[in-house]
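Shown below: structure37.pdb, with PDB, C-alpha atoms.
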ATOM      1  CA  MET L   1      79.394  82.989 120.125
ATOM      2  CA  PHE L   2      81.646  85.918 119.328
ATOM      3  CA  SER L   3      82.536  88.454 122.014
ATOM      4  CA  ARG L   4      81.262  91.999 121.661
ATOM      5  CA  LEU L   5      83.637  94.578 120.190
ATOM      6  CA  SER L   6      82.198  97.558 122.071
ATOM      7  CA  LYS L   7      83.060 101.224 122.024
ATOM      8  CA  SER L   8      86.222 101.962 124.016
ATOM      9  CA  THR L   9      84.381 103.933 126.690
ATOM     10  CA  GLN L  10      81.861 101.142 127.201
ATOM     11  CA  LEU L  11      84.735  98.679 127.384
ATOM     12  CA  ILE L  12      86.512 100.712 130.046
ATOM     13  CA  CYS L  13      83.354 100.968 132.181
ATOM     14  CA  MET L  14      82.859  97.211 131.888
ATOM     15  CA  LEU L  15      86.463  96.554 132.913
ATOM     16  CA  GLN L  16      86.163  98.875 135.889
ATOM     17  CA  LYS L  17      82.982  97.149 137.048
ATOM     18  CA  HIS L  18      84.582  93.741 136.625
ATOM     19  CA  PHE L  19      87.811  94.766 138.281
ATOM     20  CA  SER L  20      86.051  96.171 141.346
ATOM     21  CA  THR L  21      84.945  92.627 142.218
ATOM     22  CA  THR L  22      88.346  91.001 141.757
ATOM     23  CA  SER L  23      91.616  91.242 143.620
ATOM     24  CA  LYS L  24      94.175  93.618 142.204
ATOM     25  CA  VAL L  25      97.118  91.791 140.686
ATOM     26  CA  ASP L  26     100.314  93.182 139.229
ATOM     27  CA  VAL L  27     100.187  92.911 135.442
ATOM     28  CA  LYS L  28     102.913  94.429 133.319
ATOM     29  CA  VAL L  29     102.103  95.150 129.687
ATOM     30  CA  ALA L  30     104.828  96.225 127.246
ATOM     31  CA  VAL L  31     104.132  98.113 124.016
ATOM     32  CA  LEU L  32     107.038  97.893 121.561
ATOM     33  CA  GLY L  33     106.846 100.713 119.054
ATOM     34  CA  ALA L  34     104.967 102.904 121.511
ATOM     35  CA  ALA L  35     105.934 106.270 119.992
ATOM     36  CA  GLY L  36     104.562 105.476 116.537
ATOM     37  CA  GLY L  37     101.264 106.127 114.836
ATOM     38  CA  ILE L  38      99.662 102.999 116.293
ATOM     39  CA  GLY L  39     101.723 102.829 119.468
ATOM     40  CA  GLN L  40     100.715 106.209 120.904
ATOM     41  CA  PRO L  41      96.911 105.857 120.668
ATOM     42  CA  LEU L  42      97.190 102.196 121.686
ATOM     43  CA  SER L  43      99.175 103.171 124.774
ATOM     44  CA  LEU L  44      96.581 105.827 125.597
ATOM     45  CA  LEU L  45      93.778 103.260 125.431
ATOM     46  CA  LEU L  46      95.719 100.731 127.497
ATOM     47  CA  LYS L  47      96.495 103.411 130.112
ATOM     48  CA  GLN L  48      92.767 103.427 130.846
ATOM     49  CA  SER L  49      92.654  99.717 131.731
ATOM     50  CA  PRO L  50      92.369  98.932 135.459
ATOM     51  CA  LEU L  51      93.664  95.432 134.692
ATOM     52  CA  ILE L  52      97.167  96.807 134.033
ATOM     53  CA  SER L  53      99.477  97.836 136.862
ATOM     54  CA  HIS L  54     102.553  98.750 134.783
ATOM     55  CA  LEU L  55     102.565  99.984 131.185
ATOM     56  CA  ALA L  56     106.103  99.812 129.788
ATOM     57  CA  LEU L  57     106.679 101.706 126.544
ATOM     58  CA  TYR L  58     109.576 101.085 124.137
ATOM     59  CA  ASP L  59     110.716 102.719 120.927
ATOM     60  CA  ILE L  60     113.894 103.953 119.280
ATOM     61  CA  ALA L  61     112.906 107.616 119.798
ATOM     62  CA  HIS L  62     110.529 109.851 121.790
ATOM     63  CA  THR L  63     109.390 107.252 124.343
ATOM     64  CA  PRO L  64     110.332 109.277 127.440
ATOM     65  CA  GLY L  65     108.041 112.076 126.253
ATOM     66  CA  VAL L  66     105.167 109.756 125.458
ATOM     67  CA  ALA L  67     105.551 108.080 128.845
ATOM     68  CA  ALA L  68     105.686 111.397 130.695
ATOM     69  CA  ASP L  69     102.551 112.589 128.925
ATOM     70  CA  LEU L  70     100.595 109.422 129.691
ATOM     71  CA  SER L  71     101.834 109.263 133.269
ATOM     72  CA  HIS L  72      99.808 112.377 134.115
ATOM     73  CA  ILE L  73      96.528 110.557 133.431
ATOM     74  CA  GLU L  74      94.647 109.611 136.605
ATOM     75  CA  THR L  75      94.347 105.877 135.974
ATOM     76  CA  ARG L  76      95.916 102.832 137.609
ATOM     77  CA  PRO L  77      98.817 101.832 135.340
ATOM     78  CA  LYS L  78     102.271 103.171 136.177
ATOM     79  CA  VAL L  79     103.984 104.226 132.943
ATOM     80  CA  THR L  80     107.678 103.905 132.134
ATOM     81  CA  GLY L  81     109.480 104.901 128.945
ATOM     82  CA  HIS L  82     112.367 102.870 127.510
ATOM     83  CA  LEU L  83     114.590 104.152 124.717
ATOM     84  CA  GLY L  84     116.834 102.257 122.331
ATOM     85  CA  ASN L  85     118.247  98.745 122.290
ATOM     86  CA  GLU L  86     120.057  99.133 125.594
ATOM     87  CA  GLN L  87     116.739  99.640 127.430
ATOM     88  CA  LEU L  88     114.692  97.007 125.588
ATOM     89  CA  ALA L  89     115.410  94.165 128.011
ATOM     90  CA  ASP L  90     114.270  96.216 131.002
ATOM     91  CA  CYS L  91     111.079  97.173 129.157
ATOM     92  CA  VAL L  92     109.943  93.608 128.506
ATOM     93  CA  LYS L  93     111.376  91.957 131.633
ATOM     94  CA  ASN L  94     108.625  89.999 133.428
ATOM     95  CA  ALA L  95     105.893  91.365 131.147
ATOM     96  CA  ALA L  96     102.679  89.327 131.118
ATOM     97  CA  LEU L  97     101.628  90.715 127.741
ATOM     98  CA  VAL L  98     103.723  92.236 124.952
ATOM     99  CA  ILE L  99     102.023  94.074 122.093
ATOM    100  CA  ILE L 100     104.203  94.849 119.052
ATOM    101  CA  PRO L 101     103.134  97.591 116.617
ATOM    102  CA  ALA L 102     106.768  98.520 115.825
ATOM    103  CA  GLY L 103     107.787  98.891 112.201
ATOM    104  CA  VAL L 104     107.444 101.132 109.182
ATOM    105  CA  PRO L 105     103.911 101.898 107.919
ATOM    106  CA  ARG L 106     102.595 101.414 104.441
ATOM    107  CA  LYS L 107     102.652 104.288 101.977
ATOM    108  CA  PRO L 108     100.587 104.781  98.806
ATOM    109  CA  GLY L 109     101.409 102.122  96.228
ATOM    110  CA  MET L 110     103.167  99.958  98.807
ATOM    111  CA  THR L 111     101.953  96.437  99.512
ATOM    112  CA  ARG L 112     102.365  94.724 102.865
ATOM    113  CA  ASP L 113     104.956  92.533 101.191
ATOM    114  CA  ASP L 114     107.042  95.636 100.426
ATOM    115  CA  LEU L 115     107.384  96.143 104.165
ATOM    116  CA  PHE L 116     108.892  92.740 104.694
ATOM    117  CA  ASN L 117     112.653  93.269 104.806
ATOM    118  CA  THR L 118     112.616  96.146 107.293
ATOM    119  CA  ASN L 119     109.839  94.879 109.521
ATOM    120  CA  ALA L 120     111.073  91.285 109.547
ATOM    121  CA  SER L 121     114.336  92.322 111.188
ATOM    122  CA  ILE L 122     112.547  94.574 113.678
ATOM    123  CA  VAL L 123     110.182  91.818 114.800
ATOM    124  CA  ALA L 124     112.932  89.190 115.026
ATOM    125  CA  ASN L 125     115.047  91.393 117.300
ATOM    126  CA  LEU L 126     112.129  92.373 119.535
ATOM    127  CA  ILE L 127     110.973  88.770 119.879
ATOM    128  CA  ASP L 128     114.492  87.688 120.763
ATOM    129  CA  ALA L 129     114.438  90.148 123.667
ATOM    130  CA  CYS L 130     111.080  88.738 124.762
ATOM    131  CA  ALA L 131     112.404  85.177 124.603
ATOM    132  CA  LYS L 132     115.257  86.117 126.924
ATOM    133  CA  ASN L 133     113.393  88.384 129.359
ATOM    134  CA  CYS L 134     109.712  87.354 129.414
ATOM    135  CA  PRO L 135     109.563  83.830 127.944
ATOM    136  CA  LYS L 136     106.086  83.154 129.363
ATOM    137  CA  ALA L 137     104.502  86.370 128.096
ATOM    138  CA  MET L 138     101.514  86.515 125.786
ATOM    139  CA  ILE L 139     102.684  88.165 122.556
ATOM    140  CA  GLY L 140     100.426  90.053 120.148
ATOM    141  CA  ILE L 141     101.941  90.910 116.767
ATOM    142  CA  ILE L 142     100.561  93.945 114.928
ATOM    143  CA  THR L 143     103.585  94.655 112.711
ATOM    144  CA  ASN L 144     102.816  93.980 109.059
ATOM    145  CA  PRO L 145     102.966  91.778 107.110
ATOM    146  CA  VAL L 146     101.329  89.756 109.918
ATOM    147  CA  ASN L 147     101.109  86.667 107.700
ATOM    148  CA  SER L 148     104.927  86.607 107.799
ATOM    149  CA  THR L 149     105.827  88.327 111.068
ATOM    150  CA  VAL L 150     103.917  85.816 113.201
ATOM    151  CA  PRO L 151     105.870  82.880 111.705
ATOM    152  CA  ILE L 152     109.062  84.928 112.200
ATOM    153  CA  ALA L 153     108.195  85.347 115.874
ATOM    154  CA  ALA L 154     107.438  81.648 116.236
ATOM    155  CA  GLU L 155     110.723  80.592 114.634
ATOM    156  CA  VAL L 156     112.772  82.917 116.852
ATOM    157  CA  LEU L 157     110.992  81.622 119.947
ATOM    158  CA  LYS L 158     111.676  78.058 118.779
ATOM    159  CA  LYS L 159     115.381  78.826 118.371
ATOM    160  CA  ARG L 160     115.407  80.059 121.973
ATOM    161  CA  GLY L 161     113.483  77.000 123.179
ATOM    162  CA  VAL L 162     110.510  78.956 124.567
ATOM    163  CA  PHE L 163     107.843  78.713 121.854
ATOM    164  CA  ASP L 164     104.322  78.153 123.164
ATOM    165  CA  GLU L 165     101.749  78.241 120.381
ATOM    166  CA  LYS L 166      99.013  79.139 122.869
ATOM    167  CA  ARG L 167     100.734  82.440 123.709
ATOM    168  CA  LEU L 168     101.490  83.885 120.259
ATOM    169  CA  PHE L 169      98.844  85.871 118.352
ATOM    170  CA  GLY L 170      98.677  87.835 115.150
ATOM    171  CA  VAL L 171      96.259  90.651 115.985
ATOM    172  CA  THR L 172      93.656  90.628 113.199
ATOM    173  CA  THR L 173      90.870  92.252 115.216
ATOM    174  CA  LEU L 174      90.798  95.253 112.863
ATOM    175  CA  ASP L 175      89.404  93.028 110.093
ATOM    176  CA  VAL L 176      86.506  92.126 112.396
ATOM    177  CA  VAL L 177      85.994  95.762 113.437
ATOM    178  CA  ARG L 178      85.824  96.807 109.783
ATOM    179  CA  SER L 179      83.468  93.981 108.884
ATOM    180  CA  ASN L 180      81.137  94.935 111.733
ATOM    181  CA  THR L 181      81.188  98.591 110.691
ATOM    182  CA  PHE L 182      80.612  98.010 106.991
ATOM    183  CA  ILE L 183      77.834  95.454 107.563
ATOM    184  CA  ALA L 184      76.076  97.749 110.039
ATOM    185  CA  GLU L 185      76.261 100.622 107.548
ATOM    186  CA  ALA L 186      74.906  98.472 104.727
ATOM    187  CA  LYS L 187      71.978  97.119 106.756
ATOM    188  CA  GLY L 188      71.230 100.115 108.965
ATOM    189  CA  LEU L 189      72.016  98.134 112.124
ATOM    190  CA  ASP L 190      73.312  99.171 115.534
ATOM    191  CA  VAL L 191      77.043  98.613 115.008
ATOM    192  CA  THR L 192      77.560  97.740 118.672
ATOM    193  CA  LYS L 193      75.385  94.666 118.168
ATOM    194  CA  VAL L 194      77.018  93.396 114.962
ATOM    195  CA  ASN L 195      79.708  90.709 115.061
ATOM    196  CA  CYS L 196      81.188  89.124 111.951
ATOM    197  CA  PRO L 197      84.101  86.662 112.216
ATOM    198  CA  VAL L 198      87.013  86.998 109.806
ATOM    199  CA  ILE L 199      89.279  84.053 109.037
ATOM    200  CA  GLY L 200      92.419  83.395 106.970
ATOM    201  CA  GLY L 201      95.194  85.959 107.111
ATOM    202  CA  HIS L 202      95.657  89.711 107.406
ATOM    203  CA  SER L 203      96.297  91.048 103.916
ATOM    204  CA  GLY L 204      94.314  91.350 100.719
ATOM    205  CA  VAL L 205      92.852  88.092  99.425
ATOM    206  CA  THR L 206      93.909  86.214 102.565
ATOM    207  CA  ILE L 207      91.256  88.146 104.552
ATOM    208  CA  VAL L 208      88.049  86.089 104.477
ATOM    209  CA  PRO L 209      85.008  87.717 106.122
ATOM    210  CA  VAL L 210      82.492  85.026 107.076
ATOM    211  CA  ILE L 211      79.346  87.079 106.574
ATOM    212  CA  SER L 212      77.187  83.956 106.737
ATOM    213  CA  GLN L 213      78.146  83.602 110.432
ATOM    214  CA  CYS L 214      77.432  87.230 111.310
ATOM    215  CA  THR L 215      75.403  88.061 114.416
ATOM    216  CA  PRO L 216      72.677  89.157 113.892
ATOM    217  CA  ALA L 217      72.131  87.112 110.750
ATOM    218  CA  VAL L 218      72.312  89.172 107.567
ATOM    219  CA  SER L 219      71.955  88.326 103.909
ATOM    220  CA  PHE L 220      73.106  90.068 100.754
ATOM    221  CA  PRO L 221      72.563  89.472  97.025
ATOM    222  CA  GLN L 222      75.659  87.805  95.609
ATOM    223  CA  ASP L 223      76.927  90.940  93.860
ATOM    224  CA  GLU L 224      76.641  92.960  97.083
ATOM    225  CA  ARG L 225      78.301  90.182  99.091
ATOM    226  CA  ILE L 226      81.249  90.194  96.678
ATOM    227  CA  LYS L 227      81.523  93.991  96.777
ATOM    228  CA  LEU L 228      81.416  94.022 100.584
ATOM    229  CA  SER L 229      83.996  91.238 100.904
ATOM    230  CA  VAL L 230      86.376  93.026  98.539
ATOM    231  CA  ARG L 231      85.977  96.270 100.489
ATOM    232  CA  ILE L 232      86.846  94.492 103.747
ATOM    233  CA  GLN L 233      89.881  92.889 102.107
ATOM    234  CA  ASN L 234      91.117  96.229 100.753
ATOM    235  CA  ALA L 235      90.108  98.466 103.663
ATOM    236  CA  GLY L 236      93.718  99.072 104.655
ATOM    237  CA  THR L 237      94.493 100.410 101.191
ATOM    238  CA  GLU L 238      91.371 102.591 101.420
ATOM    239  CA  VAL L 239      92.869 104.331 104.457
ATOM    240  CA  VAL L 240      96.384 104.577 102.996
ATOM    241  CA  GLU L 241      95.010 106.291  99.881
ATOM    242  CA  ALA L 242      92.709 108.582 101.868
ATOM    243  CA  LYS L 243      95.669 109.761 103.975
ATOM    244  CA  ALA L 244      97.551 110.559 100.741
ATOM    245  CA  GLY L 245     100.987 109.627 101.985
ATOM    246  CA  ALA L 246     100.471 110.784 105.557
ATOM    247  CA  GLY L 247     100.191 107.279 107.003
ATOM    248  CA  SER L 248      98.169 104.106 107.211
ATOM    249  CA  ALA L 249      95.413 102.802 109.495
ATOM    250  CA  THR L 250      96.696 103.871 112.902
ATOM    251  CA  LEU L 251      93.719 104.977 114.993
ATOM    252  CA  SER L 252      91.415 102.132 113.993
ATOM    253  CA  MET L 253      94.268  99.643 114.452
ATOM    254  CA  ALA L 254      95.018 101.032 117.910
ATOM    255  CA  TYR L 255      91.361 100.704 118.866
ATOM    256  CA  ALA L 256      91.165  97.135 117.564
ATOM    257  CA  ALA L 257      94.399  96.148 119.311
ATOM    258  CA  SER L 258      93.146  97.573 122.605
ATOM    259  CA  VAL L 259      89.957  95.537 122.302
ATOM    260  CA  PHE L 260      91.999  92.388 121.714
ATOM    261  CA  ALA L 261      94.428  93.178 124.538
ATOM    262  CA  ASN L 262      91.686  93.931 127.053
ATOM    263  CA  ASP L 263      89.790  90.738 126.201
ATOM    264  CA  LEU L 264      93.003  88.735 126.570
ATOM    265  CA  LEU L 265      93.819  90.439 129.885
ATOM    266  CA  GLU L 266      90.330  89.703 131.166
ATOM    267  CA  ALA L 267      90.673  86.059 130.151
ATOM    268  CA  MET L 268      94.076  85.870 131.852
ATOM    269  CA  ASN L 269      92.383  87.299 134.946
ATOM    270  CA  GLY L 270      89.806  84.502 134.941
ATOM    271  CA  THR L 271      86.891  85.915 132.955
ATOM    272  CA  GLU L 272      85.366  83.155 130.835
ATOM    273  CA  GLY L 273      83.829  83.332 127.372
ATOM    274  CA  LYS L 274      86.173  85.850 125.759
ATOM    275  CA  VAL L 275      86.470  85.168 122.025
ATOM    276  CA  GLN L 276      88.563  87.018 119.451
ATOM    277  CA  CYS L 277      89.622  86.184 115.922
ATOM    278  CA  ALA L 278      93.418  85.941 115.702
ATOM    279  CA  PHE L 279      96.128  84.618 113.384
ATOM    280  CA  VAL L 280      97.595  81.659 115.283
ATOM    281  CA  ARG L 281      99.311  78.289 114.894
ATOM    282  CA  SER L 282      96.576  76.127 113.450
ATOM    283  CA  ASP L 283      95.627  72.728 112.066
ATOM    284  CA  GLU L 284      92.395  74.012 110.497
ATOM    285  CA  THR L 285      93.863  74.124 106.966
ATOM    286  CA  GLU L 286      97.076  73.207 105.196
ATOM    287  CA  ALA L 287      98.505  76.565 106.345
ATOM    288  CA  LYS L 288     100.507  76.334 109.587
ATOM    289  CA  TYR L 289      98.990  79.638 110.704
ATOM    290  CA  PHE L 290      95.399  80.649 110.115
ATOM    291  CA  ALA L 291      93.023  83.178 111.676
ATOM    292  CA  THR L 292      89.863  81.815 113.280
ATOM    293  CA  PRO L 293      87.766  82.669 116.341
ATOM    294  CA  ILE L 294      89.764  81.777 119.460
ATOM    295  CA  LEU L 295      88.417  81.164 122.960
ATOM    296  CA  LEU L 296      90.843  82.951 125.270
ATOM    297  CA  GLY L 297      91.831  81.692 128.720
ATOM    298  CA  LYS L 298      94.337  82.114 131.542
ATOM    299  CA  ASN L 299      97.074  80.482 129.454
ATOM    300  CA  GLY L 300      96.280  82.160 126.161
ATOM    301  CA  ILE L 301      94.458  80.021 123.616
ATOM    302  CA  GLU L 302      91.899  77.962 125.501
ATOM    303  CA  LYS L 303      90.371  76.512 122.335
ATOM    304  CA  ASN L 304      90.483  77.150 118.611
ATOM    305  CA  LEU L 305      86.813  77.415 117.640
ATOM    306  CA  GLY L 306      87.592  76.623 114.023
ATOM    307  CA  ILE L 307      86.263  77.744 110.688
ATOM    308  CA  GLY L 308      82.661  76.639 111.091
ATOM    309  CA  LYS L 309      80.188  76.150 108.259
ATOM    310  CA  LEU L 310      80.905  78.238 105.169
ATOM    311  CA  LEU L 311      78.950  79.177 102.087
ATOM    312  CA  ASP L 312      80.385  77.999  98.771
ATOM    313  CA  TYR L 313      81.482  81.581  98.072
ATOM    314  CA  GLU L 314      83.353  81.736 101.386
ATOM    315  CA  ARG L 315      84.990  78.351 100.795
ATOM    316  CA  ASN L 316      86.169  79.658  97.443
ATOM    317  CA  LEU L 317      87.680  82.696  99.173
ATOM    318  CA  VAL L 318      89.652  80.371 101.476
ATOM    319  CA  THR L 319      90.860  78.417  98.437
ATOM    320  CA  LEU L 320      91.931  81.645  96.720
ATOM    321  CA  ALA L 321      93.704  82.821  99.867
ATOM    322  CA  MET L 322      95.763  79.688 100.378
ATOM    323  CA  PRO L 323      98.602  80.144  97.830
ATOM    324  CA  GLU L 324      99.459  83.626  99.087
ATOM    325  CA  LEU L 325      99.066  82.629 102.724
ATOM    326  CA  LEU L 326     101.362  79.626 102.322
ATOM    327  CA  ALA L 327     103.941  81.784 100.521
ATOM    328  CA  ASN L 328     103.800  84.472 103.231
ATOM    329  CA  ILE L 329     104.321  81.915 106.004
ATOM    330  CA  LYS L 330     107.194  80.248 104.161
ATOM    331  CA  LYS L 331     108.850  83.616 103.577
ATOM    332  CA  GLY L 332     108.774  84.382 107.302
ATOM    333  CA  GLU L 333     110.186  81.004 108.268
ATOM    334  CA  GLU L 334     112.953  81.203 105.658
ATOM    335  CA  PHE L 335     113.946  84.683 106.850
ATOM    336  CA  VAL L 336     114.714  83.347 110.324
ATOM    337  CA  ALA L 337     116.471  80.261 108.949
ATOM    338  CA  LYS L 338     118.789  82.411 106.819
ATOM    339  CA  ASN L 339     119.305  85.475 108.992
ATOM    340  CA  PHE L 340     118.889  84.581 112.631
ATOM    341  CA  LYS L 341     121.212  82.504 114.792
TER
END
This entry written out as structure tokens:
Amino acid sequence: MFSRLSKSTQLICMLQKHFSTTSKVDVKVAVLGAAGGIGQPLSLLLKQSPLISHLALYDIAHTPGVAADLSHIETRPKVTGHLGNEQLADCVKNAALVIIPAGVPRKPGMTRDDLFNTNASIVANLIDACAKNCPKAMIGIITNPVNSTVPIAAEVLKKRGVFDEKRLFGVTTLDVVRSNTFIAEAKGLDVTKVNCPVIGGHSGVTIVPVISQCTPAVSFPQDERIKLSVRIQNAGTEVVEAKAGAGSATLSMAYAASVFANDLLEAMNGTEGKVQCAFVRSDETEAKYFATPILLGKNGIEKNLGIGKLLDYERNLVTLAMPELLANIKKGEEFVAKNFK
């Protein structure tokens, strides 16, 4: 049921094969925060997609250099660099897809919640520009804390009268990528054939790997299942600590975001059956936003595939996640209500 998260080179070959049988259409993709630790490798991966005609890069510094560097690569997308607030509108104007990794990264000892004040303002301002210049665009939010920044984006879009819940996504693909990797390592499986959905949110206890729905089916003793689930939940901290103050998960996040973006672009181009887990507006639980597997289509969310059958342990994880998830969502909504006109 879940779409394959393949290696980037395999993904590119698949896209090229698919694209050779379809008409070339003009698709502009904007990356906001393109000069950062996630933005640069993400832009490099997207530059390889034949489904993109124009890759527009925005940041507050260094974007012209990043754009010039990428523009020398012999692939289809034209690359433009946009610098500072005065060039933001031109960057996102008429974009079909906007991916937002902009913001400050986590440092050792810092929780995603610590990032809130700075990143909340960044996301609100970028989304406001999208509302005014590309109101029909698909928007993928990477900026942490995703549990709060997605509601912030939604509230800003509502204030501008252009909110479409089918077109706004919190990109949680990295949680799936990590789950696939860790499960494959534990069971000695081919990682390219492992697919484990992850539901809930995108931080700590709100991340709920649904190992019981993994393809191929796997089973673990309860103590190993708990250990594996905790590792998936804390994988971001694992990277932050390993980098010892030099950054957070940038390369793996860029890879995961490119997988999500390419699947969404393919779905927008008419390819059926593309499924990704994403943090979206949802009625699956009491939380207004909740990550589940999503069937993607030409207009964004084709269908929310829901939570599915859970083990008691997994249901308990959802229960444990709910207080923090509800608080994160409320915090994002209240930020817009108090600070954005």
Nearest to Pro77 of chain L by atom-to-atom distance, counting all atoms listed in the file, from L:His54, L:Gly65, L:Thr206, L:Ile60 =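 That would be L:His54, the residue with the smallest distance to Pro77 of chain L.
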Rank nothing, just name the residue among L:Thr285, L:Asn269, L:Thr250, L:Asn133 nearest to Leu326 of chain L, using only C-alpha atoms.
->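 Smallest distance to Leu326 of chain L is found for L:Thr285.
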Reference answer for the PyMOL selection byres ((chain L and resi 337) around 12), as a PyMOL selection string | chain L and resi 124+151-156+158-159+330-336+338-341
Pull out every residue that the PyMOL selection byres ((chain L and resi 170) around 9) matches in the shown coordinates and put them as a list in words.
->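 Taken over the shown coordinates, the PyMOL selection byres ((chain L and resi 170) around 9) returns Ile139, Gly140, Ile141, Ile142, Thr143, Val146, Asn147, Thr149, Val150, Leu168, Phe169, Val171, Thr172, Thr173, Gly201, His202, Ala278, Phe279, Val280 and Ala291 of chain L.
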If the PyMOL selection byres ((chain L and resi 198) around 7) is run on the structure shown, which residues does it catch, given as a count of residues only?
-> 11
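For Asn144 of chain L, the set of protein, DNA and RNA residues having any atom at most 8 Å away, when counting all atoms listed in the file and skipping those fewer than 6 positions along the same chain, is Gly103, Arg112, Leu115, Phe116 and Asn119 of chain L.
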What is the distance between atom CA of Cys134 of chain L and atom CA of Asn94 of chain L, in Å to one decimal?
->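 Value for the atom CA of Cys134 of chain L-atom CA of Asn94 of chain L distance: 4.9 Å.
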Separation of atom CA of Tyr255 of chain L from atom CA of Phe163 of chain L in Å =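 Between atom CA of Phe163 of chain L and atom CA of Tyr255 of chain L the gap is 27.6 Å.
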Between L:Ile211, L:Thr237, L:Pro145, L:Leu70, which is the closest to Asp114 of chain L once you count only C-alpha atoms?
->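 When distances to Asp114 of chain L are compared using only C-alpha atoms, the smallest one comes from L:Pro145.
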Pick the closest to Leu317 of chain L from L:Val205, L:Ala30, L:Leu174, L:Leu296: which is it, counting only C-alpha atoms?
-> L:Val205
Separation of atom CA of Glu185 of chain L from atom CA of Ala217 of chain L, in Å and rounded to one decimal | 14.5 Å
